[in-house]
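For reference, model31.csv (CSV, C-alpha atoms and all ligand atoms):
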```csv
chain,number,residue,atom,x,y,z
T,14,MET,CA,1.3,22.5,57.7
T,15,VAL,CA,-2.0,22.4,55.8
T,16,ARG,CA,-4.9,20.8,57.5
T,17,ASP,CA,-8.4,20.7,56.1
T,18,ARG,CA,-10.2,21.9,59.2
T,19,ARG,CA,-8.7,25.3,59.1
T,20,PRO,CA,-11.1,27.8,60.7
T,21,GLU,CA,-11.7,30.7,58.3
T,22,SER,CA,-10.4,33.3,60.8
T,23,SER,CA,-7.2,31.5,61.6
T,24,ARG,CA,-5.1,33.1,58.9
T,25,TYR,CA,-1.6,32.7,60.3
T,26,VAL,CA,0.6,29.9,61.7
T,27,TRP,CA,3.9,30.2,63.5
T,28,LEU,CA,6.5,27.8,62.2
T,29,ASP,CA,10.1,27.5,63.4
T,30,GLY,CA,10.4,31.1,64.4
T,31,GLU,CA,8.3,32.9,61.8
T,32,ILE,CA,4.7,33.8,61.2
T,33,LEU,CA,3.4,32.5,57.9
T,34,PRO,CA,0.1,32.7,56.1
T,35,TRP,CA,-1.6,29.4,56.8
T,36,GLU,CA,-1.2,28.2,53.2
T,37,GLN,CA,2.5,28.7,53.2
T,38,ALA,CA,3.2,26.9,56.5
T,39,GLN,CA,4.3,23.6,55.0
T,40,ILE,CA,6.1,20.5,56.3
T,41,SER,CA,7.4,17.6,54.2
T,42,VAL,CA,5.2,14.6,53.6
T,43,THR,CA,8.0,12.5,55.0
T,44,ALA,CA,7.6,14.2,58.4
T,45,VAL,CA,3.8,13.8,58.5
T,46,GLY,CA,2.6,10.4,59.7
T,47,SER,CA,6.2,9.2,60.3
T,48,LEU,CA,7.5,8.1,63.7
T,49,ALA,CA,7.8,11.8,64.5
T,50,THR,CA,4.2,11.5,65.7
T,51,VAL,CA,5.4,9.1,68.4
T,52,ALA,CA,7.4,11.7,70.2
T,53,THR,CA,5.3,14.8,69.3
T,54,VAL,CA,4.6,16.9,72.4
T,55,PHE,CA,2.2,19.7,72.6
T,56,GLU,CA,0.2,22.1,74.7
T,57,GLY,CA,-3.4,23.4,74.7
T,58,VAL,CA,-3.9,26.9,76.0
T,59,ARG,CA,-7.1,28.9,76.2
T,60,ALA,CA,-7.5,32.6,75.7
T,61,TYR,CA,-10.7,34.3,76.9
T,62,TRP,CA,-12.3,37.4,75.6
T,63,ASN,CA,-13.5,40.0,78.1
T,64,VAL,CA,-16.2,42.1,76.4
T,65,ASP,CA,-16.2,44.9,78.9
T,66,ARG,CA,-12.4,45.6,79.0
T,67,PRO,CA,-12.3,44.7,76.0
T,68,ALA,CA,-9.3,42.4,75.9
T,69,LEU,CA,-8.2,38.8,75.2
T,70,PHE,CA,-6.4,37.0,78.1
T,71,ALA,CA,-4.4,33.8,77.8
T,72,PHE,CA,-4.8,31.7,80.9
T,73,ARG,CA,-1.7,30.6,82.7
T,74,LEU,CA,0.5,30.8,79.6
T,75,PRO,CA,3.8,30.5,81.5
T,76,ASP,CA,2.6,27.4,83.3
T,77,HIS,CA,1.6,25.8,80.0
T,78,LEU,CA,5.0,26.7,78.5
T,79,LYS,CA,6.9,25.2,81.5
T,80,ARG,CA,4.9,22.0,81.0
T,81,PHE,CA,5.7,22.1,77.3
T,82,LEU,CA,9.4,22.3,78.0
T,83,ASN,CA,9.2,19.5,80.5
T,84,SER,CA,7.4,17.3,78.0
T,85,MET,CA,10.2,18.0,75.5
T,86,LYS,CA,12.8,17.2,78.2
T,87,LEU,CA,11.1,13.9,79.0
T,88,VAL,CA,11.1,12.7,75.3
T,89,ARG,CA,14.8,13.9,75.2
T,90,MET,CA,14.2,16.7,72.8
T,91,GLU,CA,16.4,19.8,72.9
T,92,PRO,CA,14.1,22.7,72.7
T,93,PRO,CA,15.0,25.0,69.8
T,94,PHE,CA,13.3,28.0,71.5
T,95,LYS,CA,13.4,29.3,75.1
T,96,GLU,CA,10.3,29.8,77.2
T,97,GLU,CA,10.4,33.6,76.6
T,98,GLU,CA,10.6,33.1,72.9
T,99,LEU,CA,7.7,30.8,72.8
T,100,TYR,CA,5.7,33.2,75.0
T,101,GLU,CA,6.4,36.1,72.6
T,102,ALA,CA,5.7,33.9,69.6
T,103,ILE,CA,2.2,33.0,70.9
T,104,LEU,CA,1.3,36.6,71.7
T,105,GLU,CA,2.5,37.7,68.2
T,106,LEU,CA,0.6,34.9,66.5
T,107,VAL,CA,-2.7,35.5,68.2
T,108,ARG,CA,-2.4,39.3,67.7
T,109,ARG,CA,-1.7,38.7,64.1
T,110,ASN,CA,-4.8,36.5,63.8
T,111,GLY,CA,-6.7,39.3,65.4
T,112,PHE,CA,-9.1,37.2,67.5
T,113,ARG,CA,-11.7,39.2,69.5
T,114,GLU,CA,-13.4,36.1,70.9
T,115,ASP,CA,-12.5,33.0,73.0
T,116,SER,CA,-9.6,31.2,71.3
T,117,TYR,CA,-7.3,28.2,71.6
T,118,ILE,CA,-3.6,28.0,71.2
T,119,PHE,CA,-1.9,24.8,70.1
T,120,PRO,CA,1.9,24.6,70.1
T,121,LYS,CA,3.5,21.3,69.0
T,122,ALA,CA,7.2,20.1,68.8
T,123,PHE,CA,8.4,17.2,66.9
T,124,PHE,CA,11.7,15.6,65.7
T,125,ASP,CA,12.5,16.1,62.0
T,126,PRO,CA,14.1,13.8,61.0
T,127,ILE,CA,13.4,10.8,63.1
T,128,GLY,CA,14.8,7.2,62.6
T,129,VAL,CA,13.0,4.0,62.0
T,130,TRP,CA,12.6,3.0,65.7
T,131,GLY,CA,12.0,6.6,66.7
T,132,PHE,CA,15.8,7.1,67.4
T,133,VAL,CA,17.2,10.5,66.7
T,134,GLU,CA,20.7,11.2,65.8
T,135,ASP,CA,20.5,14.8,66.6
T,136,PRO,CA,18.0,15.7,69.4
T,137,SER,CA,18.3,19.4,68.5
T,138,ARG,CA,16.6,18.8,65.1
T,139,VAL,CA,13.3,19.8,66.4
T,140,ARG,CA,10.5,21.8,64.8
T,141,VAL,CA,7.9,23.8,66.4
T,142,VAL,CA,4.5,24.8,65.1
T,143,ILE,CA,1.9,27.0,66.8
T,144,GLU,CA,-1.6,27.1,65.6
T,145,SER,CA,-4.5,29.2,67.1
T,146,TRP,CA,-8.1,29.4,66.3
T,147,PRO,CA,-11.4,30.7,67.8
T,148,ARG,CA,-12.9,28.2,70.3
T,149,ARG,CA,-15.9,28.8,72.4
T,150,SER,CA,-15.9,28.2,76.1
T,151,ARG,CA,-18.4,25.7,77.7
T,152,LEU,CA,-18.3,27.5,81.0
T,153,ALA,CA,-21.6,29.1,80.5
T,154,SER,CA,-23.2,25.7,80.3
T,155,GLU,CA,-24.6,23.8,83.4
T,156,GLU,CA,-25.2,20.7,81.4
T,157,ALA,CA,-24.1,17.5,83.1
T,158,ILE,CA,-22.8,14.5,81.2
T,159,HIS,CA,-23.1,10.7,81.7
T,160,CYS,CA,-19.9,8.7,82.1
T,161,CYS,CA,-18.8,5.1,82.4
T,162,VAL,CA,-15.7,3.5,83.8
T,163,SER,CA,-13.7,2.4,80.9
T,164,SER,CA,-12.7,-1.1,80.2
T,165,TRP,CA,-9.3,0.3,79.0
T,166,THR,CA,-6.6,0.7,81.7
T,167,ARG,CA,-4.9,4.0,82.0
T,168,ILE,CA,-1.2,4.1,80.9
T,169,SER,CA,1.3,4.5,83.7
T,170,ASP,CA,4.5,6.3,84.5
T,171,ASN,CA,6.7,3.3,83.6
T,172,VAL,CA,4.8,2.4,80.5
T,173,LEU,CA,3.8,5.7,78.6
T,174,PRO,CA,4.2,8.4,81.2
T,175,PRO,CA,0.9,10.4,81.4
T,176,ARG,CA,3.0,13.3,82.8
T,177,ILE,CA,4.2,13.9,79.2
T,178,LYS,CA,1.7,15.7,77.1
T,179,CYS,CA,2.3,13.8,73.9
T,180,VAL,CA,0.3,12.6,71.0
T,181,ALA,CA,1.2,8.9,71.6
T,182,ASN,CA,-0.6,8.9,75.0
T,183,TYR,CA,-3.8,10.0,73.4
T,184,GLN,CA,-4.4,6.6,71.8
T,185,ASN,CA,-5.2,5.3,75.3
T,186,SER,CA,-7.7,8.2,76.0
T,187,ARG,CA,-9.1,7.9,72.5
T,188,LEU,CA,-9.9,4.2,72.9
T,189,ALA,CA,-11.7,5.0,76.1
T,190,ALA,CA,-13.6,8.0,74.8
T,191,TRP,CA,-14.6,6.1,71.6
T,192,GLU,CA,-15.8,3.0,73.6
T,193,ALA,CA,-17.9,5.3,75.9
T,194,HIS,CA,-19.4,6.9,72.9
T,195,LEU,CA,-20.3,3.6,71.2
T,196,ASN,CA,-21.9,2.4,74.4
T,197,GLY,CA,-24.1,5.4,74.7
T,198,TYR,CA,-22.2,7.4,77.3
T,199,ASP,CA,-20.8,10.9,76.8
T,200,ASN,CA,-17.4,10.1,78.2
T,201,SER,CA,-15.3,7.8,80.3
T,202,ILE,CA,-13.1,7.6,83.4
T,203,MET,CA,-10.1,5.4,83.3
T,204,LEU,CA,-8.7,3.2,86.2
T,205,ASP,CA,-5.0,2.4,86.6
T,206,SER,CA,-3.5,-1.1,86.7
T,207,ARG,CA,-4.4,-1.3,90.4
T,208,GLY,CA,-8.0,-0.3,89.8
T,209,LYS,CA,-7.6,3.2,91.2
T,210,VAL,CA,-9.3,6.2,89.5
T,211,THR,CA,-7.1,8.3,87.2
T,212,GLU,CA,-8.7,10.8,84.8
T,213,GLY,CA,-10.9,11.1,81.7
T,214,PRO,CA,-9.8,11.5,78.1
T,215,GLY,CA,-7.9,14.9,78.2
T,216,MET,CA,-9.4,15.9,81.5
T,217,CYS,CA,-8.7,15.4,85.2
T,218,LEU,CA,-11.4,14.6,87.7
T,219,PHE,CA,-12.8,15.7,91.0
T,220,ILE,CA,-15.5,14.0,93.1
T,221,VAL,CA,-17.2,15.4,96.1
T,222,ARG,CA,-17.9,13.3,99.2
T,223,ASN,CA,-19.3,14.6,102.5
T,224,GLY,CA,-18.7,18.1,101.2
T,225,VAL,CA,-15.0,17.5,100.5
T,226,ALA,CA,-13.6,17.8,97.0
T,227,ILE,CA,-11.3,14.9,96.2
T,228,THR,CA,-9.0,14.5,93.2
T,229,PRO,CA,-6.5,11.7,92.4
T,230,PRO,CA,-2.9,12.8,93.1
T,231,VAL,CA,-0.3,13.5,90.4
T,232,THR,CA,1.1,10.1,91.0
T,233,SER,CA,-2.2,8.4,89.9
T,234,SER,CA,-1.4,8.3,86.2
T,235,ILE,CA,-2.7,11.7,85.3
T,236,LEU,CA,-1.4,14.6,83.4
T,237,GLU,CA,-0.3,17.4,85.8
T,238,SER,CA,-3.3,19.5,84.9
T,239,ILE,CA,-3.1,23.2,85.2
T,240,THR,CA,-6.9,23.5,85.6
T,241,ARG,CA,-6.9,20.9,88.4
T,242,GLN,CA,-4.2,22.9,90.2
T,243,THR,CA,-6.1,26.1,89.6
T,244,ILE,CA,-9.3,24.6,91.1
T,245,LEU,CA,-7.4,23.3,94.1
T,246,GLU,CA,-6.2,26.8,94.8
T,247,LEU,CA,-9.7,28.3,94.3
T,248,LEU,CA,-11.3,25.8,96.5
T,249,MET,CA,-8.9,26.6,99.3
T,250,HIS,CA,-8.5,30.3,99.1
T,251,GLU,CA,-11.8,31.5,97.6
T,252,LEU,CA,-14.5,28.9,98.2
T,253,THR,CA,-13.3,27.6,101.6
T,254,ILE,CA,-14.2,24.1,100.6
T,255,ASP,CA,-11.9,21.4,101.9
T,256,SER,CA,-10.1,19.5,99.2
T,257,VAL,CA,-7.8,16.5,99.3
T,258,GLU,CA,-5.5,14.8,96.8
T,259,ARG,CA,-5.6,11.1,97.4
T,260,GLU,CA,-6.2,7.8,95.6
T,261,VAL,CA,-9.8,7.2,94.7
T,262,ASP,CA,-11.5,3.8,94.5
T,263,ARG,CA,-14.0,2.9,91.7
T,264,THR,CA,-16.9,2.5,94.1
T,265,GLU,CA,-16.3,6.0,95.5
T,266,LEU,CA,-17.3,7.3,92.1
T,267,TYR,CA,-20.8,5.7,92.4
T,268,ILE,CA,-21.5,7.1,95.9
T,269,ALA,CA,-20.1,10.6,95.3
T,270,GLU,CA,-22.5,13.5,95.8
T,271,GLU,CA,-20.9,15.3,92.8
T,272,ALA,CA,-18.2,14.8,90.2
T,273,PHE,CA,-16.8,16.9,87.5
T,274,PHE,CA,-14.1,16.8,84.9
T,275,CYS,CA,-11.6,19.7,84.5
T,276,GLY,CA,-9.2,20.6,81.8
T,277,THR,CA,-8.3,23.4,79.3
T,278,GLY,CA,-9.5,22.1,76.0
T,279,ALA,CA,-12.0,19.4,76.6
T,280,GLY,CA,-13.4,19.9,80.0
T,281,GLU,CA,-12.9,23.4,81.5
T,282,VAL,CA,-15.4,22.5,84.2
T,283,THR,CA,-17.8,19.7,83.1
T,284,PRO,CA,-20.4,18.4,85.6
T,285,ILE,CA,-21.0,14.7,85.7
T,286,ALA,CA,-24.6,13.5,86.2
T,287,SER,CA,-24.0,9.8,86.4
T,288,ILE,CA,-21.3,7.1,86.3
T,289,ASP,CA,-22.1,3.7,85.0
T,290,ARG,CA,-25.7,4.8,85.4
T,291,TYR,CA,-25.3,5.4,89.1
T,292,LYS,CA,-26.9,8.8,89.6
T,293,LEU,CA,-24.8,11.3,91.5
T,294,GLY,CA,-26.7,13.6,93.8
T,295,LEU,CA,-29.7,14.8,91.9
T,296,GLY,CA,-28.3,13.8,88.6
T,297,LYS,CA,-27.5,17.4,87.6
T,298,ILE,CA,-24.8,19.9,88.3
T,299,GLY,CA,-24.2,19.9,92.1
T,300,PRO,CA,-23.7,23.1,94.3
T,301,ILE,CA,-19.9,22.7,94.7
T,302,THR,CA,-19.4,22.0,91.0
T,303,ASP,CA,-21.5,25.0,90.2
T,304,SER,CA,-19.6,27.4,92.4
T,305,VAL,CA,-16.3,26.1,91.0
T,306,ARG,CA,-17.6,26.6,87.5
T,307,LYS,CA,-18.8,30.2,88.1
T,308,LEU,CA,-15.6,31.2,89.9
T,309,TYR,CA,-13.4,29.6,87.3
T,310,HIS,CA,-15.4,31.5,84.6
T,311,ASP,CA,-14.8,34.8,86.3
T,312,VAL,CA,-11.1,34.1,87.0
T,313,VAL,CA,-10.2,33.1,83.4
T,314,ARG,CA,-12.1,36.0,81.9
T,315,GLY,CA,-10.4,38.6,83.9
T,316,MET,CA,-13.3,39.5,86.2
T,317,THR,CA,-11.5,38.7,89.5
T,318,PRO,CA,-8.7,41.2,90.2
T,319,SER,CA,-6.9,39.0,92.7
T,320,TYR,CA,-6.2,36.4,90.0
T,321,GLU,CA,-4.9,38.7,87.3
T,322,LYS,CA,-1.6,37.0,88.0
T,323,TRP,CA,-2.7,34.1,85.9
T,324,LEU,CA,-3.6,36.2,82.9
T,325,THR,CA,-1.6,37.4,80.0
T,326,GLU,CA,-3.2,40.2,78.1
T,327,ILE,CA,-2.9,39.6,74.4
Z,1,LIG,N1,-5.3,15.0,81.3
Z,1,LIG,C1,-4.9,14.9,80.0
Z,1,LIG,C2,-4.5,13.6,79.5
Z,1,LIG,C3,-4.9,16.1,79.2
Z,1,LIG,O1,-4.5,16.0,77.9
Z,1,LIG,C4,-5.4,17.3,79.7
Z,1,LIG,C5,-5.4,18.5,78.8
Z,1,LIG,N2,-4.2,19.2,78.7
Z,1,LIG,C6,-5.7,17.4,81.0
Z,1,LIG,C7,-5.7,16.2,81.8
Z,1,LIG,C8,-6.1,18.7,81.6
Z,1,LIG,O2,-4.9,19.5,81.7
Z,1,LIG,P1,-5.0,21.0,81.7
Z,1,LIG,O3,-5.9,21.4,82.8
Z,1,LIG,O4,-3.6,21.5,82.0
Z,1,LIG,O5,-5.5,21.4,80.4
```

Using the file provided, produce a representation of the structure as structure tokens.
Amino acid sequence: MVRDRRPESSRYVWLDGEILPWEQAQISVTAVGSLATVATVFEGVRAYWNVDRPALFAFRLPDHLKRFLNSMKLVRMEPPFKEEELYEAILELVRRNGFREDSYIFPKAFFDPIGVWGFVEDPSRVRVVIESWPRRSRLASEEAIHCCVSSWTRISDNVLPPRIKCVANYQNSRLAAWEAHLNGYDNSIMLDSRGKVTEGPGMCLFIVRNGVAITPPVTSSILESITRQTILELLMHELTIDSVEREVDRTELYIAEEAFFCGTGAGEVTPIASIDRYKLGLGKIGPITDSVRKLYHDVVRGMTPSYEKWLTEI
């Protein structure tokens, strides 16, 4: 599976059960760009380097793999590998690549072959590719971004289910992100068909009102984000900040004291300074966002013993 943005240090790829040098991991041109893309499901996992230990820790790997398998189930794919096999595959691949820095792990599953309308005669004809490469964390940054509410409506469970982490869903997020960029914003927040707040492109959202952290529920056209779940747990058990999962109106975004995106790849914890040019709080990272950011940093990097349960040492 040759791609032209190969990072130099990413020497190996895992393909259908074996580790191959990147150049030798090939798939047919008839698979690339075919309707296989429509049903391609994937995951994004981060691994964090702890300089002092020194060790590399994958964050909540079993949870990501469970979601990967659920995505496969929802697109009616028969997984060719068990969760434990994918877990071992990822460890083996990242070890082989030998990263001693923050990294990203990117497993994908797609039908090969797939029919003209995306039908599959044999749902067990599934291929799995795992890539990994060094990727820096943004958790050290306090920089807050400027967002807009997108003119694009978020897809919904009965249209293109956001619960499935699949390539097809990303066209919706991509249009929103691109529109925001062209209009001079850093990113966007999408509303659902009823005008309720959902999430950003590849990231979930929290706002803070009257000191309470609020996030749209998993039935608000969002991906069931592992970072969002992590933050809810940290808010409750470590930061003793009240949190609630409930529907959020558009105008609540504008009068929130703070807001931040969260997610593995894109967001981690990304403070939001303004939405549609309404300034939030002081227009910079707020105190609750900052405590979430700092704690999340320590947890993912293996600096908080009580949360080692979420780490897999690679
Ligand atoms: N929403 C979408 C659409 C995403 O793709 C992601 C990234 N996986 C998220 C939210 C955040 O999910 P997680 O925290 O599990 O990375």

Nearest to T:Glu156, chosen from T:Pro318, T:Leu28, T:Asp199, T:Ser256, with only C-alpha atoms counted in the distances: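 Of all the options, T:Asp199 lies closest to T:Glu156.
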
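You will find atom CA of T:Ile177 at 14.2 Å from atom CA of T:Pro120.
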
Give me the chain T side of the contact with ligand LIG 1 (chain Z), cut-off 9 Å, one line per residue showing its nearest atom pair and distance in Å at one decimal, counting only C-alpha atoms and all ligand atoms, sorted by chain and residue number, as JSON lines.
```
{"residue": "T:Phe55", "atom": "CA", "partner": "Z:LIG1", "partner_atom": "N2", "distance": 8.9}
{"residue": "T:Glu56", "atom": "CA", "partner": "Z:LIG1", "partner_atom": "N2", "distance": 6.6}
{"residue": "T:Gly57", "atom": "CA", "partner": "Z:LIG1", "partner_atom": "N2", "distance": 5.9}
{"residue": "T:Val58", "atom": "CA", "partner": "Z:LIG1", "partner_atom": "O5", "distance": 7.2}
{"residue": "T:Arg59", "atom": "CA", "partner": "Z:LIG1", "partner_atom": "O5", "distance": 8.7}
{"residue": "T:Asp76", "atom": "CA", "partner": "Z:LIG1", "partner_atom": "O4", "distance": 8.7}
{"residue": "T:His77", "atom": "CA", "partner": "Z:LIG1", "partner_atom": "O4", "distance": 7.0}
{"residue": "T:Arg80", "atom": "CA", "partner": "Z:LIG1", "partner_atom": "O4", "distance": 8.6}
{"residue": "T:Pro175", "atom": "CA", "partner": "Z:LIG1", "partner_atom": "C2", "distance": 6.6}
{"residue": "T:Arg176", "atom": "CA", "partner": "Z:LIG1", "partner_atom": "C2", "distance": 8.2}
{"residue": "T:Ile177", "atom": "CA", "partner": "Z:LIG1", "partner_atom": "C2", "distance": 8.7}
{"residue": "T:Lys178", "atom": "CA", "partner": "Z:LIG1", "partner_atom": "O1", "distance": 6.3}
{"residue": "T:Cys179", "atom": "CA", "partner": "Z:LIG1", "partner_atom": "O1", "distance": 8.2}
{"residue": "T:Asn182", "atom": "CA", "partner": "Z:LIG1", "partner_atom": "C2", "distance": 7.6}
{"residue": "T:Tyr183", "atom": "CA", "partner": "Z:LIG1", "partner_atom": "C2", "distance": 7.1}
{"residue": "T:Ser186", "atom": "CA", "partner": "Z:LIG1", "partner_atom": "C2", "distance": 7.2}
{"residue": "T:Glu212", "atom": "CA", "partner": "Z:LIG1", "partner_atom": "N1", "distance": 6.4}
{"residue": "T:Gly213", "atom": "CA", "partner": "Z:LIG1", "partner_atom": "N1", "distance": 6.8}
{"residue": "T:Pro214", "atom": "CA", "partner": "Z:LIG1", "partner_atom": "C2", "distance": 5.9}
{"residue": "T:Gly215", "atom": "CA", "partner": "Z:LIG1", "partner_atom": "C3", "distance": 3.4}
{"residue": "T:Met216", "atom": "CA", "partner": "Z:LIG1", "partner_atom": "C7", "distance": 3.7}
{"residue": "T:Cys217", "atom": "CA", "partner": "Z:LIG1", "partner_atom": "C7", "distance": 4.6}
{"residue": "T:Leu218", "atom": "CA", "partner": "Z:LIG1", "partner_atom": "C7", "distance": 8.4}
{"residue": "T:Ile235", "atom": "CA", "partner": "Z:LIG1", "partner_atom": "N1", "distance": 5.8}
{"residue": "T:Leu236", "atom": "CA", "partner": "Z:LIG1", "partner_atom": "N1", "distance": 4.4}
{"residue": "T:Glu237", "atom": "CA", "partner": "Z:LIG1", "partner_atom": "O4", "distance": 6.5}
{"residue": "T:Ser238", "atom": "CA", "partner": "Z:LIG1", "partner_atom": "O4", "distance": 3.5}
{"residue": "T:Ile239", "atom": "CA", "partner": "Z:LIG1", "partner_atom": "O4", "distance": 3.7}
{"residue": "T:Thr240", "atom": "CA", "partner": "Z:LIG1", "partner_atom": "O3", "distance": 3.6}
{"residue": "T:Arg241", "atom": "CA", "partner": "Z:LIG1", "partner_atom": "O3", "distance": 5.7}
{"residue": "T:Gln242", "atom": "CA", "partner": "Z:LIG1", "partner_atom": "O3", "distance": 7.7}
{"residue": "T:Thr243", "atom": "CA", "partner": "Z:LIG1", "partner_atom": "O3", "distance": 8.3}
{"residue": "T:Phe274", "atom": "CA", "partner": "Z:LIG1", "partner_atom": "C8", "distance": 8.9}
{"residue": "T:Cys275", "atom": "CA", "partner": "Z:LIG1", "partner_atom": "O3", "distance": 6.2}
{"residue": "T:Gly276", "atom": "CA", "partner": "Z:LIG1", "partner_atom": "O3", "distance": 3.5}
{"residue": "T:Thr277", "atom": "CA", "partner": "Z:LIG1", "partner_atom": "O5", "distance": 3.6}
{"residue": "T:Gly278", "atom": "CA", "partner": "Z:LIG1", "partner_atom": "O5", "distance": 6.0}
{"residue": "T:Ala279", "atom": "CA", "partner": "Z:LIG1", "partner_atom": "C5", "distance": 7.0}
{"residue": "T:Gly280", "atom": "CA", "partner": "Z:LIG1", "partner_atom": "C8", "distance": 7.6}
{"residue": "T:Glu281", "atom": "CA", "partner": "Z:LIG1", "partner_atom": "O3", "distance": 7.4}
```

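One distance worth recording is that between atom CA of T:Pro284 and atom CA of T:Arg113, which is 27.7 Å.
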
T:Val312, T:Val172, T:Ile127, T:Ala122 ranked by distance to T:Leu324, top pick (using only C-alpha atoms): T:Val312

Between atom CA of T:Val180 and atom CA of T:Val133 - distance in Å to one decimal: 17.6 Å

Sphere at (-19.7, 7.4, 77.6), radius 10 Å, counting all atoms listed in the file: residues as JSON, numbers by chain: {"T": [158, 159, 160, 161, 162, 163, 189, 190, 191, 192, 193, 194, 195, 196, 197, 198, 199, 200, 201, 202, 288, 289]}
